[in-house]
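Structure first, then comments.
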Amino acid sequence: MRYVKAAVLLVFWGLLFGVIVSGVAAEKKVIVYGQSMPLTHLDSAYGAYLAYPAGYEAAFVIYEGLVGFDEHMNIYPLLAVSWEVSEDGKTWVFHLRQGVKFHDGTPFNAHAVVVNVERGMDPKRTTTNRMHWDYWDSVEALDEYTVKMVTKYPTGLVLSSLAHGAGLMASPAAIEKYHDDLGTHPVGTGPFMLESFDVGKELVLTRFEDYWGPKPGVEKLIFRYIPDASTRVAALLAGEVDIIDAVPPHQLTRLERDPRITVYKVTSLRPYRIDIFQHPRYAKEALLDKRVRLALNYAIPKEALIKAVFLDYAVIADSPIAPDTFGHVYCGEYPYNPEKARELLAEAGWRDTDGDGIVDKNGQPLQLTFMTPDGAYYGDVMTAEAIARYLREVGVDVKIWKVERAATYGYWTAPPAQIQWDLTLRAFNPSNASGLYHLQNEFLSNPVDDTSPWAWNVEWYSNPQVDELIKKAAATVDLDQQAQLIAEAQRIIWNDCPSIFLFVPQNLVAARKELKGVWVQPVMFVILKHISWEG
Amino acid sequence: MFKFIVFRILSVLVTVYIAMTTVFFGIRLAPGDPAQLLAGQQTQEDVKRARQFLGLDAPIYIQYLKFLRGVIRGDLGVSALTRRSVSEEIVRCIPATFTLLAASMVLTAVLGVPAGVVCALMPGTVWDFLIMLLVVGALSVPNFWLGMLMIELFSVRLGWLPSFGFSGLKTAIMPAIAVAARQVAVTTRMTRVSMLEVLGEDYLKVALAKGLGTWSVVLKHGLRNALLPVITSLGLQAGFLLGGSIVIEVLFAWPGIGQLLINAITMRDYNLIQGITIVYVGGFLLIMLFMDLCYALVDPRIHYE
């Protein structure tokens with residue numbers, strides 16, 4: 001009887017051990033990514049992969065476009081191996097990669113490109129990201145692997161639009177079959193294909209065995225939604241996930257010290273700035289004076305803020321656009337100098353004549369309303385409150401107005417007569433890494449004077465010289481020429497000093513050190529196409 | 001009794017109607033434009049197109065009529081976030097919400113009621129004091145802080161429990177404790193007070209005098225009567241949990257209705273907010289009705305006409 005018992009126990013423990021070992025061995029082939037935003041659907045035509053950046057991150061491993069962005073946002077050939085553009089800059093011919101298949105077996109060819117581009121061009125089927133589609137005039141398949149695409153006017157944005165998430169190619173058979181449901185049934189040419197999608201919770205992808213490129217070193221890639229930052233960090237430390245994004249700066253030091261973890265710090269494309277409302281008719285007279293705006297810049301110790309709010313995980317802004325944005329050039333600095341700030345204010349006629357600590361002119365104190373979003377950007381309220389304090393030290397009375405994230409958009413983009421703020425904290429992220437695109441969105445003069453700004457020039461900055469340069473750059477297909485024009489525009493904007501240019505935070509991502517091939521792009525995307533596990 | 005139930009159900013319908021109308025107009029008056037949020041960082045042209053797509057460019061009374069027509073037909077509309085039907089979104093959250101609700105209510109009842117009874121039976125003793133001390137502790141601790149501490153200890157340091165998600169009963173343990181902490185405290189106090197009141201009643205002395213065993217007296221006669229207010233309290237707590245526990249769900253990445261609602265509000269997903277309101281208000285009122293019917297069962301003196 002004793003031997004029977006012993007035998008049973010031996011078999012039991014043997015099996016248990018076997019299960020555990022096989023479980024552990026299988027673990028290494030499955031990578032789990034804990035995301036800060038939920039994945040709600042994977043169709044570029046709708047809402048551009050809402051809940052930025054989660055949707056794009058999944059889309060970039062499932063789908064591919066004609067071209068792509070590498071780790072440093074340089075464009076490289078993907079589904080197109082080469083391309084030419086005509087003399088007039090309007091006709092583009094792409095030579096497609098051969099032997100590529102979609103996950104459902106449909107071959108990738110010119111017909112597939114035509115179907116996708118026509119879908120993108122149709123405003124009824126693709127309601128968002130119109131900026132990437134509206135300039136196309138026609139698309140035509142010249143032969144099975146050559147596509148001709150014509151724009152309405154020459155534009156330098158073509159390649160960055162095609163590398164953008166908007167340009168990802170879906171299987172025409174799937175588009176046909178699923179219509180609006182493509183969001184939950186994505187079919188692309190990428191290294192991972194859909195296995196199951198629990199919307200808002202978990203996306204399970206498995207390796208696509210017929211992928212045309214180098215096969216990823218893992219079999220399954222799982223995306224899970226973990227909204228709370230501390231839970232994300234805990235999950236990484238507990239080994240429940242292998243990589244997490246959006247690590248808050250104060251949690252990063254713990255991860256940096258952990259020998260099991262690798263930390264990625266990549267300067268983002270999204271500079272924080274304080275917009276200064278300067279519409280010629282509706283803004284406060286003080287803010288139309290460049291000396292006052294300069295004073296506001298000199299009054300703020302940007303390095304101190306970087307240390308305090310971002311724990312040094314940010315870079316001081318030296319241009320209206322971020323360092324890794326295409327076309328960025330160093331424009332200058334406005335170092336902390338409260339003396340100079342007071343001098344400039346005095347030059348502009350603002351002095352503290354009544355000794356209350358606030359500068360005034362003609363009996364009117366300089367009082368500004370500073371609208372800050374609450375929860376839109378990391379450290380937003382903290383930054384705003386610190387800045388208000390520094391401005392008060394040079395005699396500017398700043399009232400802070402905190403607004404919930406969802407409501408800020410309305411207050412930013414209201415028609416100029418209805419704007420209720422003088423200063424606002426805002427950050428723009430050009431998701432195609434194009435400096436031209438960034439300048440267009442934020443610094444082009446608003447065409448119509450009394451309605452909402454057409455894009456994000458919510459401070460109503462206007463300089464006809466800058467407009468000229470931007471328009472010329474937009475019509476230039478040659479990227480070097482475009483870069484030169486953008487550089488000039490940047491310098492002029494910097495010298496006009498329309499805003500308080502603050503800093504560019506870093507994207508903080510943490511992963512198990514055995515996970516290799518992780519691309520953390522400045523645009524805030526974590527690209528897991530090329531991962532492998534070396535444990 | 002039948003008339004009573006019918007009347008109550010009608011009043012539930014009226015209340016739900018008032019609630020959903022209030023929410024319908026309320027969210028449209030609040031700052032925040034769903035079209036702008038859908039379009040994200042894009043131009044005003046894109047925003048206009050998004051508004052048309054969401055059906056928000058129609059005059060508000062037309063939107064309301066369409067909404068009412070939909071509700072009558074059982075169609076709560078489509079979520080702007082996922083483009084799937086609102087009812088589908090809500091139904092998918094039910095298992096998680098229900099699991100958390102059941103687990104925390106079980107903890108609450110199993111820990112809270114006996115603790116309250118023990119306190120009432122031995123008032124002023126060391127046990128009473130200790131239990132009340134724990135109760136005050138549980139009431140003062142913020143539930144998310146407790147949750148974070150548990151994650152740090154049980155997931156990161158010890159590796160005993162999963163830190164997030166809903167995949168099996170093991171994952172429900174920490175969220176349920178975090179939610180139930182406060183509830184256990186409230187229930188213990190409720191039970192203690194109620195029991196103390198009942199224990200002083202004359203009819204218990206009579207039962208003891210008649211020769212009934214102490215335990216039989218305490219449980220059958222005492223507790224049963226003391227339970228009525230406790231049932232009310234438990235019912236209310238369960239009702240609130242129907243709407244999910246937003247903070248705990250976000251902390252533990254628990255895919256319940258609370259998380260759905262907070263995401264819907266952040267993105268001003270009108271249809272989803274309206275749908276959740278209807279389900280939550282209706283569900284809560286139906287639980288109240290159920291509680292009232294339970295009273296009739298427990299206390300034969302209670303009649304409904």
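In the structure tokens, each chain is lettered A, B, ... as it comes, each chain's residues begin at 1, and ligands are numbered from 1 in order of appearance.
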Go through chain B residue by residue and, counting only C-alpha atoms, keep those with an atom at most 8 Å from chain A; for each kept residue give the shortest atom pair and its distance in Å to one decimal, ordered by chain and increasing number, as a tab-separated table.
residue	atom	partner	partner_atom	distance
B:Pro31	CA	A:Ala407	CA	5.0
B:Gly32	CA	A:Ala407	CA	3.9
B:Asp33	CA	A:Gly410	CA	6.6
B:Gln36	CA	A:Tyr409	CA	6.9
B:Leu37	CA	A:Ala406	CA	7.0
B:Leu38	CA	A:Gly47	CA	6.0
B:Ala39	CA	A:Thr128	CA	6.4
B:Gln41	CA	A:Phe428	CA	7.6
B:Gln42	CA	A:Ala455	CA	6.5
B:Thr43	CA	A:Ala455	CA	4.3
B:Gln44	CA	A:Trp454	CA	5.3
B:Glu45	CA	A:Trp454	CA	7.4
B:Asp46	CA	A:Thr128	CA	6.0
B:Arg49	CA	A:Thr127	CA	6.5
B:Ala50	CA	A:Thr127	CA	6.6
B:Phe53	CA	A:Thr127	CA	7.9
B:Leu81	CA	A:Thr40	CA	6.6
B:Thr82	CA	A:Thr40	CA	5.2
B:Met148	CA	A:Thr231	CA	7.6
B:Ile151	CA	A:Ala234	CA	7.1
B:Glu152	CA	A:Ala234	CA	6.6
B:Ser155	CA	A:Ala238	CA	5.8
B:Val156	CA	A:Ala238	CA	4.5
B:Arg157	CA	A:Ala238	CA	7.6
B:Gly159	CA	A:Ala238	CA	6.3
B:Pro162	CA	A:Glu240	CA	7.4
B:Ser163	CA	A:Ala235	CA	5.8
B:Phe164	CA	A:Thr231	CA	7.1
B:Gly165	CA	A:Ile226	CA	7.9
B:Val250	CA	A:Pro227	CA	5.9
B:Leu251	CA	A:Asp228	CA	5.3
B:Phe252	CA	A:Thr231	CA	6.8
B:Ala253	CA	A:Ile226	CA	5.0
B:Pro255	CA	A:Lys201	CA	6.9
B:Thr266	CA	A:Ala406	CA	6.1
B:Met267	CA	A:Ala406	CA	6.6
B:Arg268	CA	A:Ala406	CA	7.4
Next on the checklist: Neighbouring residues of Pro505 in chain A were defined as those with any atom within 10 Å, considering only C-alpha atoms; residues of the same chain fewer than 4 positions away were excluded. Please report them as a count of residues only.
Outcome noted: 19
Can you tell me, as a PDB file with C-alpha atoms, in the first residue's frame, which residues in range 134-334 of chain A count as helix (DSSP H, G or I) by DSSP?
ATOM      1  CA  VAL A 158       3.060  62.203 -49.961  1.00  0.00           C
ATOM      2  CA  LEU A 159       5.654  59.859 -48.506  1.00  0.00           C
ATOM      3  CA  SER A 160       4.982  60.747 -44.895  1.00  0.00           C
ATOM      4  CA  SER A 161       1.253  60.248 -45.443  1.00  0.00           C
ATOM      5  CA  LEU A 162       1.877  56.828 -46.937  1.00  0.00           C
ATOM      6  CA  ALA A 163       4.130  55.881 -44.025  1.00  0.00           C
ATOM      7  CA  GLY A 165      -1.137  54.809 -40.101  1.00  0.00           C
ATOM      8  CA  ALA A 166      -3.607  56.202 -42.604  1.00  0.00           C
ATOM      9  CA  GLY A 167      -1.664  54.574 -45.436  1.00  0.00           C
ATOM     10  CA  PRO A 172      -9.383  43.938 -50.565  1.00  0.00           C
ATOM     11  CA  ALA A 173     -11.177  40.667 -49.938  1.00  0.00           C
ATOM     12  CA  ALA A 174     -11.514  41.554 -46.261  1.00  0.00           C
ATOM     13  CA  ILE A 175     -12.702  45.080 -47.067  1.00  0.00           C
ATOM     14  CA  GLU A 176     -15.317  43.536 -49.310  1.00  0.00           C
ATOM     15  CA  LYS A 177     -16.338  40.935 -46.774  1.00  0.00           C
ATOM     16  CA  TYR A 178     -16.385  42.979 -43.565  1.00  0.00           C
ATOM     17  CA  HIS A 179     -17.161  46.583 -44.617  1.00  0.00           C
ATOM     18  CA  ASP A 180     -17.580  48.540 -41.409  1.00  0.00           C
ATOM     19  CA  ASP A 181     -16.578  45.545 -39.338  1.00  0.00           C
ATOM     20  CA  LEU A 182     -13.028  45.592 -40.616  1.00  0.00           C
ATOM     21  CA  GLY A 183     -12.164  47.213 -37.327  1.00  0.00           C
ATOM     22  CA  THR A 184     -12.609  43.919 -35.498  1.00  0.00           C
ATOM     23  CA  ALA A 229       0.267  53.407 -14.550  1.00  0.00           C
ATOM     24  CA  SER A 230       1.273  51.880 -11.239  1.00  0.00           C
ATOM     25  CA  THR A 231      -0.522  48.655 -12.114  1.00  0.00           C
ATOM     26  CA  ARG A 232       1.318  48.575 -15.440  1.00  0.00           C
ATOM     27  CA  VAL A 233       4.631  48.846 -13.638  1.00  0.00           C
ATOM     28  CA  ALA A 234       3.568  46.199 -11.110  1.00  0.00           C
ATOM     29  CA  ALA A 235       2.532  43.857 -13.907  1.00  0.00           C
ATOM     30  CA  LEU A 236       5.938  44.249 -15.564  1.00  0.00           C
ATOM     31  CA  LEU A 237       7.764  43.599 -12.303  1.00  0.00           C
ATOM     32  CA  PRO A 249       8.748  59.604 -14.743  1.00  0.00           C
ATOM     33  CA  HIS A 250       8.588  59.025 -11.008  1.00  0.00           C
ATOM     34  CA  GLN A 251       8.260  55.262 -11.532  1.00  0.00           C
ATOM     35  CA  LEU A 252      11.048  55.053 -14.061  1.00  0.00           C
ATOM     36  CA  THR A 253      13.940  55.276 -11.612  1.00  0.00           C
ATOM     37  CA  ARG A 254      12.780  52.085  -9.919  1.00  0.00           C
ATOM     38  CA  LEU A 255      12.736  50.318 -13.276  1.00  0.00           C
ATOM     39  CA  GLU A 256      16.081  51.732 -14.340  1.00  0.00           C
ATOM     40  CA  ARG A 257      17.677  50.216 -11.271  1.00  0.00           C
ATOM     41  CA  GLU A 285      -3.168  94.621 -26.068  1.00  0.00           C
ATOM     42  CA  ALA A 286      -0.258  93.580 -23.891  1.00  0.00           C
ATOM     43  CA  LEU A 287       0.070  90.223 -25.603  1.00  0.00           C
ATOM     44  CA  LEU A 288       0.259  91.800 -29.038  1.00  0.00           C
ATOM     45  CA  LYS A 290       6.422  91.124 -28.707  1.00  0.00           C
ATOM     46  CA  ARG A 291       8.383  92.463 -25.730  1.00  0.00           C
ATOM     47  CA  VAL A 292       5.743  91.186 -23.332  1.00  0.00           C
ATOM     48  CA  ARG A 293       5.826  87.753 -24.938  1.00  0.00           C
ATOM     49  CA  LEU A 294       9.612  87.699 -24.740  1.00  0.00           C
ATOM     50  CA  ALA A 295       9.380  88.684 -21.091  1.00  0.00           C
ATOM     51  CA  LEU A 296       7.076  85.731 -20.431  1.00  0.00           C
ATOM     52  CA  ASN A 297       9.665  83.443 -22.005  1.00  0.00           C
ATOM     53  CA  TYR A 298      12.552  84.809 -19.965  1.00  0.00           C
ATOM     54  CA  LYS A 302      12.615  75.625 -18.155  1.00  0.00           C
ATOM     55  CA  GLU A 303      15.431  73.401 -16.877  1.00  0.00           C
ATOM     56  CA  ALA A 304      14.080  73.625 -13.349  1.00  0.00           C
ATOM     57  CA  LEU A 305      10.660  72.567 -14.582  1.00  0.00           C
ATOM     58  CA  ILE A 306      12.160  69.671 -16.496  1.00  0.00           C
ATOM     59  CA  LYS A 307      13.861  68.485 -13.326  1.00  0.00           C
ATOM     60  CA  ALA A 308      10.877  68.952 -11.084  1.00  0.00           C
ATOM     61  CA  VAL A 309       8.018  67.777 -13.275  1.00  0.00           C
ATOM     62  CA  PHE A 310       9.734  65.312 -15.569  1.00  0.00           C
TER      63      PHE A 310
END
Item to check | Neighbour list for range 203-216 of chain B as a list in words, cut-off 12 Å, only C-alpha atoms, skip fewer than 6 positions in-chain | outcome: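 Returned residues: Val117, Leu121, Met195, Leu196, Glu197, Gly222, Leu223, Arg224 and Asn225 of chain B.
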Write the residues of the selection above to a file with N, CA and C atoms, as a PDB file, in the first residue's frame.
ATOM      1  N   VAL B 117     -22.630  40.552  14.773  1.00  0.00           N
ATOM      2  CA  VAL B 117     -23.329  39.742  15.788  1.00  0.00           C
ATOM      3  C   VAL B 117     -22.418  39.525  16.995  1.00  0.00           C
ATOM      4  N   LEU B 121     -23.193  40.609  20.830  1.00  0.00           N
ATOM      5  CA  LEU B 121     -23.329  39.640  21.902  1.00  0.00           C
ATOM      6  C   LEU B 121     -22.375  39.912  23.043  1.00  0.00           C
ATOM      7  N   MET B 195     -28.635  44.464  16.052  1.00  0.00           N
ATOM      8  CA  MET B 195     -28.684  43.331  16.993  1.00  0.00           C
ATOM      9  C   MET B 195     -28.826  43.830  18.423  1.00  0.00           C
ATOM     10  N   LEU B 196     -28.049  44.845  18.765  1.00  0.00           N
ATOM     11  CA  LEU B 196     -28.112  45.371  20.139  1.00  0.00           C
ATOM     12  C   LEU B 196     -29.535  45.798  20.474  1.00  0.00           C
ATOM     13  N   GLU B 197     -30.179  46.468  19.493  1.00  0.00           N
ATOM     14  CA  GLU B 197     -31.548  46.926  19.709  1.00  0.00           C
ATOM     15  C   GLU B 197     -32.476  45.750  19.962  1.00  0.00           C
ATOM     16  N   GLY B 222     -33.628  36.528  17.446  1.00  0.00           N
ATOM     17  CA  GLY B 222     -32.932  37.806  17.487  1.00  0.00           C
ATOM     18  C   GLY B 222     -32.443  38.258  16.114  1.00  0.00           C
ATOM     19  N   LEU B 223     -31.564  37.462  15.548  1.00  0.00           N
ATOM     20  CA  LEU B 223     -30.911  37.864  14.301  1.00  0.00           C
ATOM     21  C   LEU B 223     -31.907  38.103  13.182  1.00  0.00           C
ATOM     22  N   ARG B 224     -32.889  37.198  13.100  1.00  0.00           N
ATOM     23  CA  ARG B 224     -33.836  37.301  12.004  1.00  0.00           C
ATOM     24  C   ARG B 224     -34.535  38.643  12.001  1.00  0.00           C
ATOM     25  N   ASN B 225     -34.850  39.127  13.180  1.00  0.00           N
ATOM     26  CA  ASN B 225     -35.493  40.430  13.237  1.00  0.00           C
ATOM     27  C   ASN B 225     -34.498  41.554  13.006  1.00  0.00           C
TER      28      ASN B 225
END
Next on the checklist: To test your reading of the structure, identify every residue in range 221-465 of chain A that backbone DSSP assigns to strand (DSSP E), and report it as number ranges by chain.
Outcome noted: A: 221-225, 243-244, 261-267, 272-276, 314-316, 360-361, 364-365, 367-374, 397-404, 423-427
Checklist entry - Leaving out range 515-517 of chain A and any residue of its chain fewer than 2 positions from it, which residues lie within 10 Å of it when counting only C-alpha atoms, given as a PyMOL selection string? => result chain A and resi 28+31+216-218+242-243+261-262+511-513+519-520+527-535
Please produce a file of those selected residues containing C-alpha atoms, as an mmCIF file, in the first residue's frame.
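Heads up, here's the output in result_0.cif:
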data_model
loop_
_atom_site.group_PDB
_atom_site.id
_atom_site.type_symbol
_atom_site.label_atom_id
_atom_site.label_comp_id
_atom_site.auth_asym_id
_atom_site.auth_seq_id
_atom_site.Cartn_x
_atom_site.Cartn_y
_atom_site.Cartn_z
ATOM 1 C CA LYS A 28 8.865 32.637 -23.795
ATOM 2 C CA ILE A 31 5.024 38.312 -25.543
ATOM 3 C CA PRO A 216 9.522 37.554 -35.783
ATOM 4 C CA GLY A 217 11.177 35.482 -33.085
ATOM 5 C CA VAL A 218 7.982 35.028 -31.095
ATOM 6 C CA ASP A 242 6.881 41.823 -20.940
ATOM 7 C CA ILE A 243 6.708 45.434 -22.040
ATOM 8 C CA ILE A 261 14.418 45.536 -17.049
ATOM 9 C CA THR A 262 15.565 47.624 -20.007
ATOM 10 C CA ALA A 511 10.583 46.019 -21.114
ATOM 11 C CA ARG A 512 12.176 42.787 -19.922
ATOM 12 C CA LYS A 513 15.793 42.882 -20.953
ATOM 13 C CA TRP A 519 11.429 50.085 -31.782
ATOM 14 C CA VAL A 520 10.335 53.011 -29.654
ATOM 15 C CA ILE A 527 6.658 49.026 -32.792
ATOM 16 C CA LEU A 528 6.918 45.319 -32.069
ATOM 17 C CA LYS A 529 7.286 44.026 -35.610
ATOM 18 C CA HIS A 530 10.830 42.818 -35.202
ATOM 19 C CA ILE A 531 10.903 41.441 -31.687
ATOM 20 C CA SER A 532 12.599 38.335 -30.475
ATOM 21 C CA TRP A 533 13.210 36.884 -27.076
ATOM 22 C CA GLU A 534 16.729 36.047 -26.018
ATOM 23 C CA GLY A 535 16.395 34.512 -22.587
#
Checklist outcome for this item: Nearest to Val85 in chain A, restricted to only C-alpha atoms and choosing among A:Leu391, A:Asp450, A:Asp478, A:Asp467, comes out as A:Asp478
Next on the checklist: Set the distance at 10 Å and use only C-alpha atoms: which residues neighbour Thr155 in chain A once local chain neighbours fewer than 2 positions away are removed? I'd like the list as a PyMOL selection string.
Outcome noted: chain A and resi 89-90+135-136+151-153+157-159+471-478
Could the residues in this selection be saved with C-alpha atoms as a JSON list (two decimals), in the first residue's frame?
[["chain", "number", "residue", "atom", "x", "y", "z"],
["A", 89, "GLY", "CA", 5.64, 66.78, -58.83],
["A", 90, "LYS", "CA", 2.12, 65.48, -59.27],
["A", 135, "TYR", "CA", -4.75, 65.91, -52.12],
["A", 136, "TRP", "CA", -4.97, 62.69, -54.15],
["A", 151, "THR", "CA", -2.10, 64.43, -56.74],
["A", 152, "LYS", "CA", -4.22, 67.51, -57.35],
["A", 153, "TYR", "CA", -1.22, 69.77, -56.77],
["A", 157, "LEU", "CA", 3.58, 65.25, -47.79],
["A", 158, "VAL", "CA", 3.06, 62.20, -49.96],
["A", 159, "LEU", "CA", 5.65, 59.86, -48.51],
["A", 471, "LYS", "CA", 3.03, 77.06, -48.77],
["A", 472, "LYS", "CA", 6.16, 76.82, -50.88],
["A", 473, "ALA", "CA", 7.45, 73.95, -48.77],
["A", 474, "ALA", "CA", 4.12, 72.16, -49.11],
["A", 475, "ALA", "CA", 4.37, 72.34, -52.87],
["A", 476, "THR", "CA", 7.94, 71.07, -52.93],
["A", 477, "VAL", "CA", 8.38, 67.43, -53.59],
["A", 478, "ASP", "CA", 12.14, 67.54, -53.08]]
Checklist entry - Quick one: residues within 8 Å of range 88-101 of chain B, only C-alpha atoms counted, chain neighbours fewer than 3 positions away excluded, as a PyMOL selection string? => result chain B and resi 79+84-85+104-105+166+172+175-176+238+241-244+254-257+260+276
Go ahead and save the residues from that selection, with N, CA and C atoms, as a PDB file, in the first residue's frame.
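result-v4.pdb, written as the output of this step:
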ATOM      1  N   SER B  79     -21.885  52.702 -30.267  1.00  0.00           N
ATOM      2  CA  SER B  79     -20.846  53.409 -29.522  1.00  0.00           C
ATOM      3  C   SER B  79     -19.901  54.110 -30.480  1.00  0.00           C
ATOM      4  N   ARG B  84     -19.652  49.522 -32.242  1.00  0.00           N
ATOM      5  CA  ARG B  84     -20.536  48.371 -32.077  1.00  0.00           C
ATOM      6  C   ARG B  84     -21.736  48.815 -31.249  1.00  0.00           C
ATOM      7  N   SER B  85     -22.759  47.991 -31.218  1.00  0.00           N
ATOM      8  CA  SER B  85     -23.980  48.429 -30.554  1.00  0.00           C
ATOM      9  C   SER B  85     -23.730  48.592 -29.068  1.00  0.00           C
ATOM     10  N   SER B 104     -17.580  40.587  -3.883  1.00  0.00           N
ATOM     11  CA  SER B 104     -17.516  41.530  -2.767  1.00  0.00           C
ATOM     12  C   SER B 104     -18.733  41.435  -1.862  1.00  0.00           C
ATOM     13  N   MET B 105     -19.908  41.134  -2.410  1.00  0.00           N
ATOM     14  CA  MET B 105     -21.090  40.987  -1.555  1.00  0.00           C
ATOM     15  C   MET B 105     -20.952  39.754  -0.673  1.00  0.00           C
ATOM     16  N   PHE B 166      -9.267  40.345 -15.732  1.00  0.00           N
ATOM     17  CA  PHE B 166     -10.292  39.424 -15.289  1.00  0.00           C
ATOM     18  C   PHE B 166     -10.133  38.156 -16.107  1.00  0.00           C
ATOM     19  N   ALA B 172     -10.167  37.862  -9.149  1.00  0.00           N
ATOM     20  CA  ALA B 172     -11.202  38.648  -8.486  1.00  0.00           C
ATOM     21  C   ALA B 172     -10.890  38.894  -7.015  1.00  0.00           C
ATOM     22  N   PRO B 175      -9.400  42.688  -6.171  1.00  0.00           N
ATOM     23  CA  PRO B 175     -10.427  43.709  -6.399  1.00  0.00           C
ATOM     24  C   PRO B 175     -11.591  43.576  -5.428  1.00  0.00           C
ATOM     25  N   ALA B 176     -12.015  42.331  -5.146  1.00  0.00           N
ATOM     26  CA  ALA B 176     -13.153  42.161  -4.238  1.00  0.00           C
ATOM     27  C   ALA B 176     -12.801  42.649  -2.844  1.00  0.00           C
ATOM     28  N   ALA B 238     -25.200  46.526  -2.979  1.00  0.00           N
ATOM     29  CA  ALA B 238     -25.190  45.746  -4.220  1.00  0.00           C
ATOM     30  C   ALA B 238     -25.644  46.618  -5.388  1.00  0.00           C
ATOM     31  N   LEU B 241     -22.924  48.765  -6.587  1.00  0.00           N
ATOM     32  CA  LEU B 241     -21.897  47.995  -7.296  1.00  0.00           C
ATOM     33  C   LEU B 241     -22.313  47.634  -8.706  1.00  0.00           C
ATOM     34  N   LEU B 242     -23.646  47.723  -8.975  1.00  0.00           N
ATOM     35  CA  LEU B 242     -24.126  47.451 -10.326  1.00  0.00           C
ATOM     36  C   LEU B 242     -23.439  48.367 -11.327  1.00  0.00           C
ATOM     37  N   GLY B 243     -23.243  49.606 -10.898  1.00  0.00           N
ATOM     38  CA  GLY B 243     -22.610  50.565 -11.788  1.00  0.00           C
ATOM     39  C   GLY B 243     -21.118  50.381 -11.814  1.00  0.00           C
ATOM     40  N   GLY B 244     -20.662  49.333 -11.214  1.00  0.00           N
ATOM     41  CA  GLY B 244     -19.239  49.071 -11.212  1.00  0.00           C
ATOM     42  C   GLY B 244     -18.534  49.937 -10.192  1.00  0.00           C
ATOM     43  N   TRP B 254      -9.917  46.031 -14.610  1.00  0.00           N
ATOM     44  CA  TRP B 254     -11.047  45.114 -14.539  1.00  0.00           C
ATOM     45  C   TRP B 254     -12.096  45.565 -15.557  1.00  0.00           C
ATOM     46  N   PRO B 255     -12.422  44.736 -16.563  1.00  0.00           N
ATOM     47  CA  PRO B 255     -13.282  45.203 -17.660  1.00  0.00           C
ATOM     48  C   PRO B 255     -14.771  45.243 -17.317  1.00  0.00           C
ATOM     49  N   GLY B 256     -15.127  46.014 -16.314  1.00  0.00           N
ATOM     50  CA  GLY B 256     -16.526  46.088 -15.927  1.00  0.00           C
ATOM     51  C   GLY B 256     -17.199  47.344 -16.442  1.00  0.00           C
ATOM     52  N   ILE B 257     -18.412  47.569 -15.961  1.00  0.00           N
ATOM     53  CA  ILE B 257     -19.184  48.714 -16.439  1.00  0.00           C
ATOM     54  C   ILE B 257     -18.573  50.033 -15.992  1.00  0.00           C
ATOM     55  N   LEU B 260     -16.050  51.037 -18.466  1.00  0.00           N
ATOM     56  CA  LEU B 260     -16.736  51.394 -19.703  1.00  0.00           C
ATOM     57  C   LEU B 260     -17.297  52.807 -19.594  1.00  0.00           C
ATOM     58  N   ILE B 276     -25.695  53.191 -20.626  1.00  0.00           N
ATOM     59  CA  ILE B 276     -25.295  52.728 -19.297  1.00  0.00           C
ATOM     60  C   ILE B 276     -26.223  53.314 -18.235  1.00  0.00           C
TER      61      ILE B 276
END
